file work-v3.txt (compact mmCIF, C-alpha atoms)
# COMPACT_ATOMS: atom_id res chain seq x y z
CA MET A 1 18.74 43.84 13.02
CA LYS A 2 19.46 40.46 11.48
CA ARG A 3 20.30 39.04 14.88
CA ASP A 4 16.96 40.21 16.32
CA GLN A 5 15.09 38.56 13.49
CA SER A 6 16.71 35.17 14.11
CA ARG A 7 15.96 35.48 17.82
CA ASN A 8 12.29 36.13 17.08
CA THR A 9 12.13 33.12 14.78
CA MET A 10 13.60 30.92 17.48
CA LYS A 11 11.08 32.19 20.01
CA ARG A 12 8.23 31.40 17.63
CA GLU A 13 9.57 27.86 17.03
CA GLU A 14 9.81 27.23 20.75
CA SER A 15 6.24 28.33 21.36
CA ARG A 16 5.05 25.98 18.63
CA THR A 17 6.18 22.79 20.44
CA LEU A 18 3.35 20.88 22.10
CA ASP A 19 3.36 20.84 25.88
CA LEU A 20 2.72 17.10 26.34
CA THR A 21 3.82 14.37 28.69
CA HIS A 22 4.72 11.49 26.40
CA PRO A 23 3.73 7.90 27.23
CA ALA A 24 6.41 5.25 27.58
CA VAL A 25 4.96 3.28 24.66
CA PHE A 26 2.60 4.48 21.94
CA ASP A 27 -0.27 2.03 21.68
CA TYR A 28 -2.70 2.10 18.76
CA LYS A 29 -5.56 1.29 21.19
CA ASP A 30 -4.90 4.39 23.30
CA VAL A 31 -6.84 6.71 21.02
CA GLU A 32 -7.15 9.59 23.50
CA THR A 33 -3.37 9.91 23.83
CA LEU A 34 -2.78 9.65 20.09
CA GLN A 35 -5.44 12.27 19.39
CA ARG A 36 -3.27 14.89 21.13
CA TYR A 37 -0.60 14.46 18.45
CA LEU A 38 -2.98 15.31 15.61
CA SER A 39 -3.87 18.68 14.17
CA PRO A 40 -7.57 19.69 13.85
CA GLN A 41 -7.34 18.38 10.26
CA ALA A 42 -6.17 14.99 11.67
CA ARG A 43 -2.61 15.41 10.37
CA ILE A 44 0.26 14.08 12.46
CA HIS A 45 2.32 16.86 14.03
CA SER A 46 5.95 17.05 12.99
CA ALA A 47 8.78 15.88 15.25
CA LYS A 48 9.68 19.53 15.69
CA ARG A 49 6.31 20.18 17.29
CA THR A 50 5.97 16.95 19.26
CA ALA A 51 9.58 17.28 20.49
CA LEU A 52 10.00 13.50 20.13
CA GLY A 53 13.13 11.70 19.03
CA THR A 54 13.29 9.94 15.67
CA ARG A 55 12.51 6.50 17.07
CA LYS A 56 9.61 7.71 19.21
CA GLN A 57 8.17 9.79 16.37
CA ARG A 58 8.24 6.70 14.15
CA GLU A 59 6.54 4.70 16.91
CA LEU A 60 3.86 7.40 17.17
CA LYS A 61 3.37 7.45 13.40
CA ARG A 62 2.91 3.67 13.28
CA ALA A 63 0.46 3.66 16.19
CA ILE A 64 -1.63 6.38 14.52
CA LYS A 65 -1.61 4.53 11.21
CA TYR A 66 -2.75 1.27 12.84
CA ALA A 67 -5.51 3.17 14.65
CA ARG A 68 -6.57 4.79 11.37
CA PHE A 69 -6.72 1.41 9.63
CA LEU A 70 -9.02 0.09 12.36
CA SER A 71 -11.19 3.21 12.06
CA LEU A 72 -10.37 4.22 15.63
CA MET A 73 -9.03 7.52 14.31
CA PRO A 74 -9.86 9.53 11.21
CA TYR A 75 -7.59 9.95 8.20
CA THR A 76 -8.91 13.47 7.80
CA SER A 77 -11.64 15.60 9.31
CA MET B 1 19.46 -18.84 6.75
CA THR B 2 16.24 -17.68 8.38
CA ASP B 3 13.74 -20.14 9.76
CA THR B 4 10.41 -19.50 8.00
CA ASN B 5 8.53 -21.91 10.27
CA LYS B 6 9.46 -20.03 13.42
CA LYS B 7 6.58 -19.52 15.83
CA THR B 8 5.98 -15.97 16.91
CA PHE B 9 3.46 -14.09 18.98
CA TYR B 10 0.83 -11.91 17.35
CA GLU B 11 -1.60 -9.34 18.63
CA ALA B 12 -4.78 -9.31 16.55
CA MET B 13 -7.71 -6.93 16.47
CA PHE B 14 -10.91 -8.02 14.74
CA LEU B 15 -13.75 -5.72 13.75
CA LEU B 16 -17.03 -7.63 13.93
CA GLU B 17 -20.30 -6.64 12.33
CA ASN B 18 -22.80 -5.51 14.97
CA GLN B 19 -25.60 -7.27 13.09
CA GLU B 20 -23.84 -10.61 13.62
CA VAL B 21 -22.87 -9.80 17.21
CA ARG B 22 -26.52 -9.09 18.05
CA LYS B 23 -27.34 -12.67 17.04
CA GLY B 24 -24.75 -13.90 19.52
CA PHE B 25 -21.37 -12.55 20.54
CA ASN B 26 -20.07 -15.89 21.79
CA ALA B 27 -20.95 -17.57 18.48
CA ALA B 28 -19.07 -14.87 16.53
CA ARG B 29 -16.07 -15.18 18.85
CA ASP B 30 -16.09 -18.97 18.50
CA TRP B 31 -16.15 -18.61 14.71
CA VAL B 32 -13.04 -16.41 14.88
CA LYS B 33 -11.35 -18.89 17.20
CA THR B 34 -12.08 -21.93 15.01
CA THR B 35 -10.90 -20.08 11.88
CA LEU B 36 -7.60 -19.25 13.59
CA GLU B 37 -7.15 -22.77 14.89
CA LYS B 38 -8.00 -24.23 11.48
CA HIS B 39 -4.82 -22.61 10.15
CA GLY B 40 -2.68 -23.88 13.00
CA LEU B 41 -2.62 -20.77 15.19
CA GLN B 42 -2.79 -21.17 18.95
CA VAL B 43 -5.29 -18.74 20.44
CA LYS B 44 -4.05 -17.63 23.84
CA VAL B 45 -6.40 -14.71 24.45
CA LEU B 46 -9.65 -13.68 22.77
CA ARG B 47 -11.66 -11.00 24.51
CA LEU B 48 -14.15 -8.25 23.88
CA TRP B 49 -12.27 -4.95 23.64
CA GLY B 50 -15.29 -2.73 23.08
CA GLU B 51 -18.18 -1.65 20.94
CA ARG B 52 -17.76 1.80 19.47
CA LYS B 53 -18.49 4.22 16.71
CA LEU B 54 -16.13 4.09 13.74
CA ALA B 55 -14.10 7.17 12.87
CA TYR B 56 -15.16 6.73 9.24
CA PRO B 57 -17.81 4.41 7.75
CA ILE B 58 -16.59 1.10 6.33
CA GLY B 59 -19.04 -0.22 3.75
CA ARG B 60 -22.14 1.42 5.32
CA ARG B 61 -21.10 0.28 8.80
CA HIS B 62 -20.93 3.10 11.32
CA ARG B 63 -20.34 1.05 14.47
CA ALA B 64 -18.43 -2.15 15.18
CA THR B 65 -17.54 -4.58 17.94
CA PHE B 66 -13.80 -4.91 18.57
CA LEU B 67 -12.36 -8.28 19.50
CA LEU B 68 -8.78 -8.43 20.77
CA GLY B 69 -6.74 -11.59 20.43
CA TRP B 70 -3.24 -12.83 21.26
CA LEU B 71 -1.96 -15.72 19.20
CA GLU B 72 1.08 -17.88 18.65
CA GLY B 73 1.94 -19.35 15.28
CA GLU B 74 3.65 -18.98 11.94
CA GLY B 75 3.47 -16.09 9.54
CA GLU B 76 2.08 -18.21 6.71
CA ALA B 77 -0.81 -19.31 8.93
CA VAL B 78 -1.59 -15.68 9.74
CA ASN B 79 -1.77 -14.81 6.04
CA ALA B 80 -4.05 -17.77 5.31
CA ALA B 81 -6.34 -16.86 8.22
CA LYS B 82 -6.49 -13.26 7.08
CA ARG B 83 -7.61 -14.39 3.61
CA ASP B 84 -10.37 -16.46 5.21
CA PHE B 85 -11.62 -13.59 7.38
CA TYR B 86 -12.03 -11.29 4.41
CA LEU B 87 -13.91 -13.93 2.41
CA LEU B 88 -16.64 -14.94 4.86
CA GLY B 89 -17.86 -14.52 8.40
CA PRO B 90 -18.66 -11.63 10.72
CA VAL B 91 -15.17 -10.08 10.55
CA PHE B 92 -14.87 -7.18 8.11
CA ARG B 93 -11.45 -5.83 9.09
CA VAL B 94 -8.50 -7.41 10.87
CA LEU B 95 -5.04 -6.30 11.97
CA PHE B 96 -2.23 -8.66 12.97
CA LEU B 97 0.87 -7.27 14.65
CA GLN B 98 3.96 -9.24 15.54
CA ARG B 99 4.89 -8.94 19.24
CA GLU B 100 7.80 -10.03 21.40
CA ALA B 101 5.66 -11.66 24.10
CA ILE B 102 2.14 -11.73 25.47
CA PRO B 103 1.69 -9.39 28.46
CA ALA B 104 0.75 -11.13 31.72
CA GLU B 105 -2.32 -8.92 32.20
CA GLU B 106 -3.61 -9.98 28.78
CA LEU B 107 -2.96 -13.68 29.47
CA ALA B 108 -5.20 -13.41 32.52
CA PHE B 109 -8.22 -12.79 30.26
CA GLY B 110 -7.93 -16.06 28.31
CA ILE B 111 -10.89 -16.96 26.12
CA GLU B 112 -13.40 -14.61 27.66
CA GLU B 113 -17.06 -15.56 28.00
CA VAL B 114 -19.43 -12.60 27.78
CA ASP B 115 -22.94 -12.39 29.19
CA GLU B 116 -24.79 -11.54 25.98
CA SER B 117 -27.81 -10.11 27.79
CA ALA B 118 -25.57 -7.47 29.41
CA LEU B 119 -23.98 -6.57 26.07
CA ASP B 120 -25.21 -3.24 24.70
CA ILE B 121 -24.78 -3.14 20.93
CA GLY B 122 -25.48 0.31 19.51
CA ASP B 123 -27.78 1.00 16.60
CA ASP B 124 -25.90 1.10 13.29
CA THR B 125 -27.90 3.91 11.72
CA PRO B 126 -25.88 6.70 10.09
CA PRO B 127 -25.64 9.87 12.20
CA THR B 128 -28.07 12.66 11.34
CA ILE B 129 -26.87 16.07 10.16
CA GLU B 130 -27.61 17.56 13.60
CA GLU B 131 -25.51 14.89 15.32
CA GLU B 132 -22.67 15.42 12.87
CA LEU B 133 -22.77 19.15 13.47
CA GLN B 134 -22.72 18.60 17.23
CA GLU B 135 -19.69 16.34 16.96
CA SER B 136 -17.79 18.54 14.54
CA ASP B 137 -15.48 21.17 15.92
CA VAL B 138 -17.25 24.08 14.26
CA ALA B 139 -16.81 27.13 16.45
CA PRO B 140 -20.08 28.60 17.75
CA GLU B 141 -21.13 31.96 16.39
CA GLN B 142 -19.43 34.77 18.22
CA PRO B 143 -21.68 37.53 19.55
CA SER B 144 -21.44 40.75 17.58
CA ASP B 145 -19.42 43.66 18.96
CA ASP B 146 -22.15 46.07 17.93
CA PRO B 147 -24.19 46.96 21.07
CA ASP B 148 -27.24 47.84 18.92
CA PHE B 149 -27.30 44.41 17.24
CA ASP B 150 -30.23 42.38 18.58
CA GLY B 151 -29.09 39.06 17.11
CA ASP B 152 -31.56 39.12 14.22
CA ASP B 153 -30.06 40.33 10.95
CA SER B 154 -33.20 39.85 8.83
CA ASP B 155 -34.02 43.58 8.96
CA MET B 156 -30.51 44.59 7.93
CA PRO B 157 -30.05 46.09 4.48
CA ILE B 158 -28.60 43.64 1.99
CA ARG B 159 -25.21 44.75 0.76
CA ARG B 160 -24.69 44.05 -2.87
CA PRO B 161 -21.33 44.42 -4.55
CA ALA B 162 -20.94 47.67 -6.44
CA ALA B 163 -21.76 47.40 -10.13
CA ARG B 164 -18.70 47.20 -12.30
CA PRO B 165 -18.23 49.97 -14.83
CA ALA B 166 -19.26 48.82 -18.26
CA VAL B 167 -16.28 48.17 -20.50
CA LYS B 168 -16.78 49.25 -24.07
CA THR B 169 -15.66 46.55 -26.39
CA ALA B 170 -16.16 47.62 -29.91
CA THR B 171 -16.33 44.84 -32.42
CA PRO B 172 -14.46 45.41 -35.72
CA ALA B 173 -17.77 45.81 -37.66
CA THR B 174 -19.15 48.48 -35.34
CA ALA B 175 -15.77 50.16 -35.16
CA THR B 176 -15.69 50.61 -38.91
CA ALA B 177 -19.29 51.89 -38.79
CA THR B 178 -18.41 54.55 -36.25
CA GLU B 179 -15.37 55.55 -38.26
CA GLU B 180 -17.55 55.93 -41.35
CA THR B 181 -20.11 58.08 -39.56
CA ALA B 182 -17.36 60.24 -38.14
CA ALA B 183 -15.85 60.68 -41.59
CA SER B 184 -19.24 61.56 -43.13
CA GLY B 185 -19.81 64.10 -40.32
CA GLU B 186 -16.47 65.72 -41.07
CA LYS B 187 -17.39 65.88 -44.74
CA ALA B 188 -20.77 67.48 -43.96
CA GLY B 189 -19.12 69.98 -41.70
CA SER B 190 -16.62 71.00 -44.34
call {"tool": "encode", "arguments": {"input": "work-v3.txt", "output": "structure tokens"}}
result
Amino acid sequence: MKRDQSRNTMKREESRTLDLTHPAVFDYKDVETLQRYLSPQARIHSAKRTALGTRKQRELKRAIKYARFLSLMPYTS
Amino acid sequence: MTDTNKKTFYEAMFLLENQEVRKGFNAARDWVKTTLEKHGLQVKVLRLWGERKLAYPIGRRHRATFLLGWLEGEGEAVNAAKRDFYLLGPVFRVLFLQREAIPAEELAFGIEEVDESALDIGDDTPPTIEEELQESDVAPEQPSDDPDFDGDDSDMPIRRPAARPAVKTATPATATATEETAASGEKAGS
């Protein structure tokens, strides 16, 4: 019973990851690409969901924050 | 020991006021260029990146013209230039980012001249409620599952929440009064 539960949880986690083709470099000017990594409330998806490595997730976070500063992307919606 | 006077490359994005750009884009661009050069920065590229709606209003501005620049210079000069931009001129927001090198495709632009007559600067009026609703991601109303529903619910009976049962809260004064009447009734009965 316990084993089944953990299997279900894993399945749910897998289905949560975003099916995206990541760009080689995250650019703050490429708003359309960055928009795909945001939730409807304009929050940045977690690394678990984006399936990005630590360095790439940090790169994404910085690009989004630069875009937000320049009012290319919203802080919230 | 680190060299503080080391020259580095910077990518810069300037947000220009549309009101100023309407007077003349080339004049606004030249003002940005002279301000950068005044502080000892070498302007390699300065080009129009676009004119677009802002994701959120910045001081009653809803649209802005974006100017992209690539520079070479010292960090101190960048800070001094940034201070100048925020004090006066058509620039109301600026971002400087340190870069390894200037891409070749960007270098090809150089100091770009723009035909001002061909430039379409949008109106900076705030969006109306209808426009905001159109842009927002509010889901449209789903059709009702009820086959008898004609889409107009004005003739439907209004459902009001059921009235709550009244809770008797006897105050101490009234409680004593009731006790007294009960006692007098008992006496009369006896």
call {"tool": "closest_atom_pairs", "arguments": {"input": "work-v3.txt", "of": "chain A", "to": "chain B", "cutoff": "7 Å", "atoms": "all atoms listed in the file", "output": "Markdown table"}}
result
| residue | atom | partner | partner_atom | distance |
| --- | --- | --- | --- | --- |
| A:Ser71 | CA | B:Ala55 | CA | 5.0 |
| A:Leu72 | CA | B:Ala55 | CA | 5.5 |
| A:Met73 | CA | B:Ala55 | CA | 5.3 |
| A:Pro74 | CA | B:Ala55 | CA | 5.1 |
call {"tool": "closest_residue", "arguments": {"input": "work-v3.txt", "among": "A:Leu34, A:Ala42, A:Ala51, A:Ile64", "to": "A:Thr17", "atoms": "all atoms listed in the file"}}
result
A:Ala51
call {"tool": "residues_around", "arguments": {"input": "work-v3.txt", "residues": "A:Tyr37", "least_positions_apart": "2", "cutoff": "12 Å", "atoms": "only C-alpha atoms", "output": "PyMOL selection string"}}
result
chain A and resi 17-23+26+30-35+39-52+57+60-61+63-64+73
call {"tool": "atom_distance", "arguments": {"input": "work-v3.txt", "atom1": "atom CA of B:Ile129", "atom2": "atom CA of B:Arg60"}}
result
16.1 Å
call {"tool": "atom_distance", "arguments": {"input": "work-v3.txt", "atom1": "atom CA of A:Val25", "atom2": "atom CA of B:Glu106"}}
result
16.3 Å
call {"tool": "closest_residue", "arguments": {"input": "work-v3.txt", "among": "A:Arg55, A:Leu38, A:Asp27, A:Arg16", "to": "A:Ser77", "atoms": "all atoms listed in the file"}}
result
A:Leu38
